[in-house]
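Colleague: Below is upload_37.cif; it holds mmCIF, C-alpha atoms.
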```
data_upload
loop_
_atom_site.label_atom_id
_atom_site.label_comp_id
_atom_site.auth_asym_id
_atom_site.auth_seq_id
_atom_site.Cartn_x
_atom_site.Cartn_y
_atom_site.Cartn_z
CA MET Z 1 -18.39 -39.81 -20.85
CA THR Z 2 -18.80 -39.20 -17.12
CA SER Z 3 -16.50 -37.99 -14.32
CA ASP Z 4 -16.89 -36.55 -10.88
CA VAL Z 5 -15.17 -33.37 -12.04
CA VAL Z 6 -14.30 -32.05 -15.50
CA ILE Z 7 -11.47 -29.53 -15.69
CA VAL Z 8 -11.01 -27.30 -18.72
CA GLY Z 9 -7.32 -26.41 -19.07
CA GLY Z 10 -4.31 -28.61 -18.44
CA GLY Z 11 -1.89 -25.92 -17.25
CA PRO Z 12 -0.70 -25.49 -13.66
CA ALA Z 13 -4.12 -24.50 -12.23
CA GLY Z 14 -6.00 -27.33 -13.94
CA SER Z 15 -3.36 -29.96 -13.20
CA SER Z 16 -3.05 -28.90 -9.56
CA ALA Z 17 -6.82 -29.20 -9.11
CA ALA Z 18 -6.90 -32.56 -10.89
CA ILE Z 19 -4.12 -34.06 -8.79
CA THR Z 20 -5.69 -32.87 -5.54
CA LEU Z 21 -9.10 -34.27 -6.49
CA ALA Z 22 -7.74 -37.57 -7.78
CA ARG Z 23 -5.83 -38.15 -4.55
CA SER Z 24 -9.13 -37.79 -2.71
CA GLY Z 25 -10.67 -40.56 -4.80
CA ARG Z 26 -12.52 -38.42 -7.34
CA SER Z 27 -12.66 -39.36 -11.00
CA VAL Z 28 -11.35 -36.42 -13.04
CA THR Z 29 -11.20 -35.53 -16.73
CA ILE Z 30 -8.99 -32.72 -18.07
CA VAL Z 31 -9.75 -31.33 -21.52
CA ASP Z 32 -7.39 -28.88 -23.25
CA ARG Z 33 -7.43 -27.41 -26.74
CA SER Z 34 -3.62 -27.72 -26.96
CA THR Z 35 -1.45 -30.80 -27.24
CA PHE Z 36 1.31 -30.96 -24.64
CA PRO Z 37 4.10 -30.04 -24.52
CA ARG Z 38 3.13 -26.60 -25.77
CA ASP Z 39 4.71 -23.17 -25.37
CA LYS Z 40 3.25 -20.76 -22.84
CA ILE Z 41 4.42 -17.16 -22.95
CA CYS Z 42 5.85 -16.48 -19.51
CA GLY Z 43 8.90 -15.22 -17.64
CA ASP Z 44 9.47 -18.82 -16.44
CA GLY Z 45 10.52 -17.76 -12.91
CA LEU Z 46 9.43 -20.09 -10.11
CA THR Z 47 9.04 -18.38 -6.73
CA ALA Z 48 9.50 -20.07 -3.37
CA ALA Z 49 5.73 -20.31 -2.92
CA CYS Z 50 5.41 -21.85 -6.38
CA LEU Z 51 8.16 -24.39 -5.63
CA ARG Z 52 6.40 -25.51 -2.46
CA GLU Z 53 3.17 -26.08 -4.39
CA LEU Z 54 5.07 -28.11 -7.00
CA GLU Z 55 6.77 -30.16 -4.32
CA GLY Z 56 3.41 -30.86 -2.70
CA LEU Z 57 2.12 -32.20 -6.01
CA GLY Z 58 5.07 -34.60 -6.18
CA LEU Z 59 7.02 -32.98 -9.00
CA GLU Z 60 10.60 -34.17 -9.45
CA PRO Z 61 12.84 -31.38 -10.81
CA ALA Z 62 14.78 -33.99 -12.79
CA ASP Z 63 11.65 -34.54 -14.88
CA VAL Z 64 11.76 -30.95 -16.16
CA ALA Z 65 14.44 -30.69 -18.86
CA THR Z 66 15.08 -26.95 -18.49
CA TRP Z 67 15.00 -26.83 -14.67
CA GLN Z 68 17.57 -24.29 -13.42
CA PRO Z 69 18.04 -23.72 -9.66
CA VAL Z 70 18.93 -20.16 -8.69
CA SER Z 71 20.53 -18.94 -5.46
CA ALA Z 72 20.90 -15.17 -5.97
CA MET Z 73 19.33 -12.14 -7.57
CA THR Z 74 20.51 -8.75 -8.77
CA ILE Z 75 18.34 -5.64 -8.83
CA ARG Z 76 19.16 -2.39 -10.59
CA GLY Z 77 17.18 0.67 -9.54
CA PRO Z 78 15.97 3.39 -11.92
CA GLU Z 79 18.86 5.66 -10.93
CA GLY Z 80 21.48 3.03 -11.74
CA GLY Z 81 22.21 1.67 -8.27
CA VAL Z 82 22.80 -2.08 -8.23
CA GLU Z 83 22.29 -4.46 -5.31
CA HIS Z 84 22.97 -8.21 -5.08
CA PHE Z 85 20.87 -10.44 -2.85
CA ALA Z 86 21.63 -14.03 -1.87
CA LEU Z 87 18.86 -16.51 -1.10
CA PRO Z 88 19.35 -18.95 1.81
CA SER Z 89 21.71 -21.83 1.12
CA GLY Z 90 21.61 -25.35 2.48
CA ARG Z 91 17.91 -25.11 3.40
CA GLY Z 92 16.25 -26.18 0.20
CA LEU Z 93 15.40 -24.33 -2.98
CA PHE Z 94 13.92 -20.84 -2.90
CA ALA Z 95 14.04 -19.94 -6.60
CA ALA Z 96 14.27 -21.70 -9.95
CA VAL Z 97 13.58 -21.15 -13.62
CA ALA Z 98 12.02 -23.61 -16.07
CA GLN Z 99 10.46 -23.20 -19.48
CA ARG Z 100 6.72 -23.52 -19.29
CA ARG Z 101 6.74 -25.93 -22.21
CA ASP Z 102 8.59 -28.43 -20.01
CA LEU Z 103 7.12 -27.54 -16.63
CA ASP Z 104 3.47 -27.70 -17.63
CA ALA Z 105 3.93 -31.01 -19.45
CA ALA Z 106 5.63 -32.50 -16.38
CA VAL Z 107 2.84 -31.39 -14.03
CA LEU Z 108 0.19 -32.71 -16.42
CA ASP Z 109 2.03 -36.04 -16.47
CA LEU Z 110 1.69 -36.14 -12.68
CA ALA Z 111 -2.07 -35.85 -13.13
CA ARG Z 112 -2.02 -38.77 -15.56
CA LYS Z 113 -0.11 -40.85 -13.03
CA GLU Z 114 -2.87 -40.16 -10.50
CA GLY Z 115 -5.39 -41.66 -12.90
CA VAL Z 116 -6.72 -38.43 -14.41
CA THR Z 117 -8.11 -38.78 -17.94
CA VAL Z 118 -6.49 -36.18 -20.20
CA LEU Z 119 -8.12 -35.21 -23.50
CA GLU Z 120 -5.79 -33.04 -25.59
CA GLY Z 121 -6.39 -31.09 -28.77
CA LEU Z 122 -10.07 -30.51 -28.04
CA ALA Z 123 -11.57 -27.03 -27.78
CA VAL Z 124 -14.61 -26.56 -25.57
CA THR Z 125 -17.60 -25.39 -27.60
CA GLY Z 126 -20.43 -25.78 -25.13
CA VAL Z 127 -21.08 -25.72 -21.39
CA SER Z 128 -24.39 -26.18 -19.63
CA GLN Z 129 -25.39 -26.95 -16.08
CA ASP Z 130 -28.46 -27.99 -14.15
CA ALA Z 131 -29.37 -28.94 -10.62
CA GLU Z 132 -27.51 -32.24 -10.89
CA GLY Z 133 -24.29 -31.32 -12.67
CA VAL Z 134 -22.38 -29.84 -15.59
CA THR Z 135 -22.10 -30.92 -19.23
CA VAL Z 136 -19.05 -29.90 -21.27
CA GLU Z 137 -18.91 -30.32 -25.04
CA ALA Z 138 -15.41 -30.63 -26.50
CA GLY Z 139 -15.08 -31.82 -30.09
CA PRO Z 140 -16.78 -35.21 -30.33
CA GLU Z 141 -16.75 -35.63 -26.54
CA LEU Z 142 -19.69 -34.87 -24.27
CA ILE Z 143 -18.48 -34.93 -20.67
CA ARG Z 144 -20.93 -35.08 -17.80
CA ALA Z 145 -19.72 -34.28 -14.27
CA ALA Z 146 -21.00 -33.16 -10.90
CA TYR Z 147 -18.72 -30.09 -10.95
CA ALA Z 148 -16.37 -28.29 -13.32
CA ILE Z 149 -13.26 -26.14 -12.91
CA ALA Z 150 -12.41 -23.66 -15.65
CA ALA Z 151 -8.64 -23.19 -15.70
CA ASP Z 152 -8.65 -22.10 -19.32
CA GLY Z 153 -6.82 -18.79 -19.25
CA MET Z 154 -7.45 -15.06 -19.19
CA TRP Z 155 -9.99 -15.21 -22.00
CA SER Z 156 -11.67 -18.30 -20.56
CA PRO Z 157 -14.05 -19.83 -23.14
CA VAL Z 158 -15.98 -21.48 -20.32
CA ARG Z 159 -16.52 -18.15 -18.60
CA LYS Z 160 -17.81 -16.69 -21.87
CA LEU Z 161 -20.11 -19.64 -22.53
CA LEU Z 162 -21.59 -19.20 -19.05
CA GLY Z 163 -22.19 -15.48 -19.60
CA ALA Z 164 -19.73 -14.45 -16.88
CA ASP Z 165 -17.16 -12.72 -19.10
CA PRO Z 166 -15.98 -9.33 -17.74
CA GLY Z 167 -16.12 -7.70 -21.17
CA ALA Z 168 -13.29 -5.77 -22.79
CA ASN Z 169 -10.70 -6.30 -20.05
CA ARG Z 170 -7.25 -6.73 -21.62
CA GLY Z 171 -5.24 -7.34 -18.50
CA GLU Z 172 -3.63 -5.09 -15.94
CA TRP Z 173 -0.11 -5.68 -17.29
CA HIS Z 174 1.43 -6.56 -20.63
CA ALA Z 175 4.70 -8.43 -21.01
CA PHE Z 176 7.21 -9.17 -23.74
CA ARG Z 177 9.43 -12.28 -23.83
CA GLN Z 178 12.30 -13.70 -25.89
CA TYR Z 179 14.62 -16.68 -25.42
CA VAL Z 180 18.33 -16.11 -26.04
CA SER Z 181 21.53 -18.16 -26.02
CA ASN Z 182 25.19 -17.55 -25.17
CA VAL Z 183 24.61 -15.26 -22.20
CA SER Z 184 27.44 -14.82 -19.72
CA GLY Z 185 28.20 -13.46 -16.26
CA LEU Z 186 25.24 -12.73 -13.98
CA ALA Z 187 22.79 -13.51 -16.78
CA ALA Z 188 23.92 -17.14 -16.76
CA ASP Z 189 23.13 -17.94 -13.12
CA GLN Z 190 21.18 -15.18 -11.35
CA LEU Z 191 17.71 -13.68 -11.40
CA VAL Z 192 18.25 -10.16 -12.73
CA VAL Z 193 15.69 -7.36 -12.63
CA PHE Z 194 16.31 -3.85 -13.98
CA PHE Z 195 13.80 -1.13 -13.12
CA GLU Z 196 13.98 1.26 -16.07
CA PRO Z 197 13.02 4.90 -15.36
CA ASP Z 198 10.95 5.32 -18.52
CA PHE Z 199 8.41 2.59 -17.78
CA LEU Z 200 8.14 2.34 -14.00
CA PRO Z 201 6.74 0.36 -12.25
CA GLY Z 202 7.54 -1.98 -15.13
CA TYR Z 203 10.89 -3.73 -15.35
CA PHE Z 204 13.28 -5.70 -17.56
CA TRP Z 205 14.10 -9.26 -16.49
CA CYS Z 206 16.71 -11.85 -17.32
CA PHE Z 207 16.17 -15.32 -15.88
CA PRO Z 208 18.78 -18.06 -16.48
CA LEU Z 209 18.16 -21.40 -18.15
CA PRO Z 210 20.58 -24.31 -18.60
CA ASP Z 211 23.38 -24.30 -21.19
CA GLY Z 212 23.90 -20.55 -21.31
CA ARG Z 213 20.34 -19.70 -22.29
CA ALA Z 214 18.02 -17.16 -20.69
CA ASN Z 215 14.46 -15.90 -20.73
CA ILE Z 216 14.60 -12.12 -21.16
CA GLY Z 217 11.76 -9.64 -21.39
CA PHE Z 218 10.00 -6.66 -19.90
CA GLY Z 219 6.59 -5.76 -18.58
CA ILE Z 220 4.60 -2.54 -18.44
CA GLU Z 221 1.55 -1.51 -16.45
CA ARG Z 222 -1.21 -1.16 -19.02
CA GLY Z 223 -2.16 2.45 -19.76
CA ARG Z 224 0.59 3.92 -17.59
CA THR Z 225 3.73 4.98 -19.52
CA HIS Z 226 3.49 3.27 -22.91
CA SER Z 227 0.80 1.64 -24.98
CA THR Z 228 1.13 -2.05 -25.73
CA ARG Z 229 1.78 -1.08 -29.35
CA ASP Z 230 4.87 0.81 -28.19
CA MET Z 231 6.46 -2.37 -26.87
CA LYS Z 232 7.65 -3.61 -30.25
CA TRP Z 233 9.85 -0.57 -30.89
CA LEU Z 234 10.80 -0.26 -27.22
CA TRP Z 235 12.31 -3.76 -27.22
CA PRO Z 236 15.32 -3.04 -29.51
CA ASP Z 237 15.87 0.24 -27.69
CA LEU Z 238 15.92 -1.60 -24.37
CA LEU Z 239 18.35 -4.24 -25.65
CA SER Z 240 20.70 -1.52 -26.89
CA ARG Z 241 21.05 0.15 -23.47
CA PRO Z 242 24.64 -0.24 -22.21
CA HIS Z 243 23.78 -1.91 -18.91
CA VAL Z 244 21.55 -4.45 -20.68
CA ARG Z 245 24.22 -5.18 -23.30
CA GLU Z 246 26.81 -5.60 -20.57
CA LEU Z 247 24.54 -7.98 -18.66
CA LEU Z 248 23.81 -10.26 -21.61
CA GLY Z 249 27.38 -10.36 -22.88
CA PRO Z 250 28.90 -9.89 -26.34
CA ASP Z 251 27.89 -13.27 -27.77
CA VAL Z 252 24.17 -13.30 -26.98
CA THR Z 253 21.95 -14.51 -29.84
CA PRO Z 254 18.16 -14.78 -30.09
CA ASP Z 255 16.67 -18.27 -30.17
CA GLY Z 256 13.52 -17.13 -31.93
CA PRO Z 257 11.08 -14.25 -32.25
CA HIS Z 258 9.81 -12.23 -29.33
CA ARG Z 259 6.24 -12.69 -28.16
CA ALA Z 260 3.89 -10.61 -26.03
CA TRP Z 261 0.94 -11.39 -23.78
CA PRO Z 262 -1.45 -9.71 -21.30
CA ILE Z 263 -1.43 -10.43 -17.57
CA PRO Z 264 -4.67 -10.38 -15.56
CA ALA Z 265 -4.32 -9.28 -11.93
CA ARG Z 266 -7.80 -8.80 -10.51
CA ILE Z 267 -8.38 -11.63 -8.05
CA ASP Z 268 -10.04 -9.16 -5.65
CA ARG Z 269 -12.85 -8.35 -8.08
CA ALA Z 270 -13.02 -11.26 -10.52
CA VAL Z 271 -16.02 -13.57 -10.72
CA SER Z 272 -14.83 -16.77 -9.05
CA GLY Z 273 -17.45 -19.10 -10.50
CA VAL Z 274 -21.00 -19.74 -11.61
CA GLY Z 275 -23.19 -22.44 -10.12
CA ARG Z 276 -21.27 -25.72 -10.20
CA VAL Z 277 -18.32 -24.23 -12.10
CA LEU Z 278 -15.29 -22.67 -10.39
CA PHE Z 279 -12.69 -20.49 -12.15
CA ALA Z 280 -8.97 -20.87 -11.38
CA GLY Z 281 -5.61 -19.44 -12.47
CA ASP Z 282 -5.72 -16.70 -15.08
CA ALA Z 283 -9.45 -17.31 -15.49
CA VAL Z 284 -9.95 -15.81 -12.03
CA GLY Z 285 -7.24 -13.13 -12.46
CA ALA Z 286 -4.84 -14.76 -10.02
CA CYS Z 287 -1.56 -12.94 -10.77
CA ASP Z 288 0.56 -10.75 -8.54
CA PRO Z 289 -0.03 -7.11 -9.58
CA MET Z 290 3.49 -6.09 -8.56
CA SER Z 291 5.59 -8.72 -10.33
CA GLY Z 292 3.19 -10.32 -12.81
CA GLU Z 293 3.93 -13.75 -11.29
CA GLY Z 294 1.10 -16.18 -11.87
CA ILE Z 295 2.40 -19.78 -11.78
CA GLY Z 296 2.33 -20.13 -8.01
CA GLN Z 297 -1.05 -18.41 -7.84
CA ALA Z 298 -2.40 -20.75 -10.51
CA LEU Z 299 -1.23 -23.83 -8.61
CA LEU Z 300 -2.71 -22.45 -5.39
CA THR Z 301 -6.12 -21.54 -6.84
CA GLY Z 302 -6.37 -24.94 -8.51
CA ARG Z 303 -5.64 -26.65 -5.21
CA LEU Z 304 -8.09 -24.42 -3.33
CA ALA Z 305 -10.85 -25.14 -5.85
CA ALA Z 306 -10.28 -28.88 -5.42
CA GLU Z 307 -10.19 -28.65 -1.63
CA VAL Z 308 -13.45 -26.69 -1.57
CA LEU Z 309 -15.16 -29.27 -3.79
CA ASN Z 310 -13.95 -32.10 -1.59
CA ALA Z 311 -15.16 -30.34 1.55
CA ARG Z 312 -18.52 -29.17 0.14
CA TRP Z 313 -19.34 -31.99 -2.26
CA PRO Z 314 -22.80 -32.88 -0.90
CA ASP Z 315 -23.83 -29.22 -0.67
CA PRO Z 316 -23.40 -27.52 -4.08
CA GLY Z 317 -25.22 -24.44 -2.87
CA SER Z 318 -22.33 -23.60 -0.53
CA VAL Z 319 -19.47 -24.20 -2.98
CA GLN Z 320 -19.24 -20.72 -4.50
CA ALA Z 321 -19.24 -18.87 -1.17
CA ALA Z 322 -16.66 -21.27 0.28
CA TYR Z 323 -14.37 -20.87 -2.73
CA ARG Z 324 -14.64 -17.07 -2.68
CA LEU Z 325 -13.77 -17.11 1.02
CA ALA Z 326 -10.75 -19.33 0.36
CA LEU Z 327 -9.49 -17.00 -2.38
CA ASP Z 328 -9.96 -13.98 -0.14
CA ARG Z 329 -8.14 -15.58 2.80
CA HIS Z 330 -5.17 -16.78 0.77
CA LEU Z 331 -4.73 -14.09 -1.89
CA VAL Z 332 -6.64 -10.85 -1.54
CA ALA Z 333 -4.64 -9.24 1.30
CA ASP Z 334 -1.42 -9.88 -0.60
CA HIS Z 335 -3.01 -8.64 -3.82
CA ARG Z 336 -3.94 -5.34 -2.20
CA MET Z 337 -0.48 -5.01 -0.65
CA SER Z 338 1.07 -5.51 -4.09
CA ILE Z 339 -1.20 -2.85 -5.59
CA ALA Z 340 -0.07 -0.39 -2.90
CA LEU Z 341 3.58 -1.24 -3.52
CA THR Z 342 3.10 -0.92 -7.28
CA ARG Z 343 1.86 2.64 -6.78
CA LEU Z 344 5.01 3.42 -4.79
CA LEU Z 345 7.24 1.88 -7.46
CA ARG Z 346 5.96 4.40 -10.01
CA HIS Z 347 8.45 6.81 -8.42
CA ARG Z 348 12.20 6.68 -7.88
CA LYS Z 349 12.39 7.57 -4.19
CA PRO Z 350 11.10 4.20 -2.85
CA PHE Z 351 14.02 2.45 -4.56
CA ARG Z 352 16.53 4.66 -2.74
CA VAL Z 353 14.78 3.95 0.55
CA ALA Z 354 14.63 0.19 -0.10
CA PHE Z 355 18.33 0.01 -0.98
CA ARG Z 356 19.24 1.91 2.20
CA LEU Z 357 17.11 -0.40 4.33
CA THR Z 358 18.83 -3.50 2.99
CA ARG Z 359 22.37 -2.65 4.06
CA SER Z 360 22.51 -5.25 6.83
CA GLN Z 361 23.00 -8.93 6.04
CA TRP Z 362 19.74 -9.88 7.81
CA ALA Z 363 17.73 -7.25 5.94
CA ARG Z 364 19.25 -8.28 2.62
CA ALA Z 365 18.46 -11.94 3.12
CA ASN Z 366 14.91 -11.30 4.23
CA PHE Z 367 14.23 -8.75 1.49
CA ALA Z 368 15.24 -11.31 -1.13
CA ARG Z 369 12.97 -13.93 0.43
CA TRP Z 370 10.04 -11.54 0.62
CA LEU Z 371 10.53 -10.31 -2.94
CA TRP Z 372 10.64 -13.84 -4.31
CA GLU Z 373 7.48 -14.85 -2.42
CA ASP Z 374 9.05 -17.05 0.22
CA TYR Z 375 6.14 -15.84 2.30
CA PRO Z 376 3.04 -13.85 1.29
CA ARG Z 377 3.42 -10.14 0.55
CA ALA Z 378 1.12 -9.01 3.37
CA LEU Z 379 2.02 -11.67 5.93
CA LEU Z 380 3.35 -9.09 8.38
CA PHE Z 381 -0.10 -7.44 8.47
CA THR Z 382 -2.21 -10.61 8.63
CA PRO Z 383 -1.45 -12.22 12.01
CA ARG Z 384 -4.05 -14.95 11.42
CA ARG Z 385 -1.55 -16.50 9.01
CA TRP Z 386 1.38 -16.41 11.41
CA ARG Z 387 2.74 -19.75 12.43
CA ARG Z 388 6.08 -21.08 13.57
CA GLY Z 389 8.61 -20.55 10.80
CA ALA Z 390 6.31 -18.32 8.76
CA PHE Z 391 9.05 -15.71 8.23
CA GLY Z 392 12.01 -18.07 8.06
CA GLY Z 393 10.92 -21.44 6.79
CA VAL Z 394 12.89 -23.88 4.72
CA GLY Z 395 12.76 -24.00 0.96
CA ALA Z 396 11.40 -26.71 -1.30
CA PHE Z 397 13.02 -29.86 -2.63
CA ARG Z 398 15.48 -30.35 0.23
CA PRO Z 399 17.82 -33.30 -0.34
CA ARG Z 400 16.43 -36.45 1.18
#
```
Please render this file's structure as structure tokens.
Modeller:
Amino acid sequence: MTSDVVIVGGGPAGSSAAITLARSGRSVTIVDRSTFPRDKICGDGLTAACLRELEGLGLEPADVATWQPVSAMTIRGPEGGVEHFALPSGRGLFAAVAQRRDLDAAVLDLARKEGVTVLEGLAVTGVSQDAEGVTVEAGPELIRAAYAIAADGMWSPVRKLLGADPGANRGEWHAFRQYVSNVSGLAADQLVVFFEPDFLPGYFWCFPLPDGRANIGFGIERGRTHSTRDMKWLWPDLLSRPHVRELLGPDVTPDGPHRAWPIPARIDRAVSGVGRVLFAGDAVGACDPMSGEGIGQALLTGRLAAEVLNARWPDPGSVQAAYRLALDRHLVADHRMSIALTRLLRHRKPFRVAFRLTRSQWARANFARWLWEDYPRALLFTPRRWRRGAFGGVGAFRPR
């Protein structure tokens, strides 16, 4: 079987790359060991940047069964202070929540509609490359392509097969998620984040889903306040805290067991590819080290990988340098800003300062937009990215 590009991984990074390549006339094959729809452990929050990427791919929110628009967020500081922040109204969508099971399947369907061949339920067992291209072995399939994109997760099998695995890295963060039903009040329609004093800069989240359901969970910075083994006993303790019980309401019930997963956030030092193979999404550590958000970053890195291949197709020797430059320009300044902010959030004082600074209506609105990635974290300090509307643009999916 032959294609111009073979992509390993059908999640947001792989699908974004496939759609971008297919629209440029490339033949593309996606291979994934799972069969979609499949669950993906995640907080399910979709930032403004993520929504714009999805809109650019042509996603229709109506095609995602659990799509839940959100217009406000509530933040509780470690000392108990609570602030409410409204996102802009009447200018498009700036925040939403959707289960990854539904979202990823919908984006992969967009790739199919663009003519991408999708091979599901096939694990990659071999990867080799030479001066002319890449060969990927997946079950009975042998796929030959000019280039490959590995969008196959934090523990990327392709990266391991190419000898580019970073070793014993277990992620910079670890998170814990559970779906619940019968939530009420703020939990039913707002993004809620509680910064708990015993695991700063980690936080508890509650993100609303349709029909009174919610995605709830918490994340910790690995090796900081608790071990990942502590999370199992910390979860019932967290749910029993009065402010958490009040948020979720008296009738909340679990939909199923809790699950945990690691979060890689090392885009500034991750290997971005080998030869004719580029790494994208979690495989290149593209997650925000302050929030753990990775869907928007996955979509972006997939698109950047595709754009680099389209631009550098006849010159494979320049592909890796061009892709690394693209990642650095789009992500690394914001990554470093988030690391600096994460260090501040290990202490209580920055929360008091932030709450004081957001007393005015303008400050409140812009803080909410910045926090939910309406524009990049470090945009203020990277003038090369300034353009008209950079700090006050419209949201995604505006009514036609």
Colleague: Please identify all polymer residues within 10 Å of Gln361 of chain Z, counting all atoms listed in the file, omitting same-chain residues fewer than 6 positions from it, and present them as a PyMOL selection string.
Modeller: chain Z and resi 85-86+367
Colleague: Which residues, written as number ranges by chain, have at least one atom at most 7 Å from segment 322-337 of chain Z, with all atoms listed in the file counted and residues fewer than 5 positions away on the same chain left out?
Modeller: Z: 267-268, 272, 288-289, 304-305, 308, 376-378
Colleague: With C-alpha atoms retained, write the just-selected residues as a short mmCIF file (atom, residue, chain, number, x, y, z; two decimals), keeping the file's coordinate frame.
Modeller:
```
data_model
loop_
_atom_site.label_atom_id
_atom_site.label_comp_id
_atom_site.auth_asym_id
_atom_site.auth_seq_id
_atom_site.Cartn_x
_atom_site.Cartn_y
_atom_site.Cartn_z
CA ILE Z 267 -8.38 -11.63 -8.05
CA ASP Z 268 -10.04 -9.16 -5.65
CA SER Z 272 -14.83 -16.77 -9.05
CA ASP Z 288 0.56 -10.75 -8.54
CA PRO Z 289 -0.03 -7.11 -9.58
CA LEU Z 304 -8.09 -24.42 -3.33
CA ALA Z 305 -10.85 -25.14 -5.85
CA VAL Z 308 -13.45 -26.69 -1.57
CA PRO Z 376 3.04 -13.85 1.29
CA ARG Z 377 3.42 -10.14 0.55
CA ALA Z 378 1.12 -9.01 3.37
#
```
Colleague: Would you compute the distance between atom CA of Ala214 of chain Z and atom CA of Ala396 of chain Z? Give it in Å to one decimal.
Modeller: 22.6 Å
Colleague: Give me the result of the PyMOL selection byres ((chain Z and resi 169-186) around 6) on this file, residue by residue, as a ChimeraX atom specification.
Modeller: /Z:167-168,187-190,212-222,248-249,251-255,258-265
Colleague: In Å, rounded to a single decimal, give me how far atom CA of Thr47 of chain Z is from atom CA of Ser71 of chain Z.
Modeller: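 These atoms are spaced 11.6 Å apart.
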Colleague: Within 7 Å of Val6 of chain Z, counting all atoms listed in the file, which residues show up once you throw out same-chain ones fewer than 6 positions away? Write them as a list in words, please.
Modeller: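 Near Val6 of chain Z, the qualifying residues are Val28, Thr29, Ile30, Ala145, Tyr147, Ala148 and Ile149 of chain Z.
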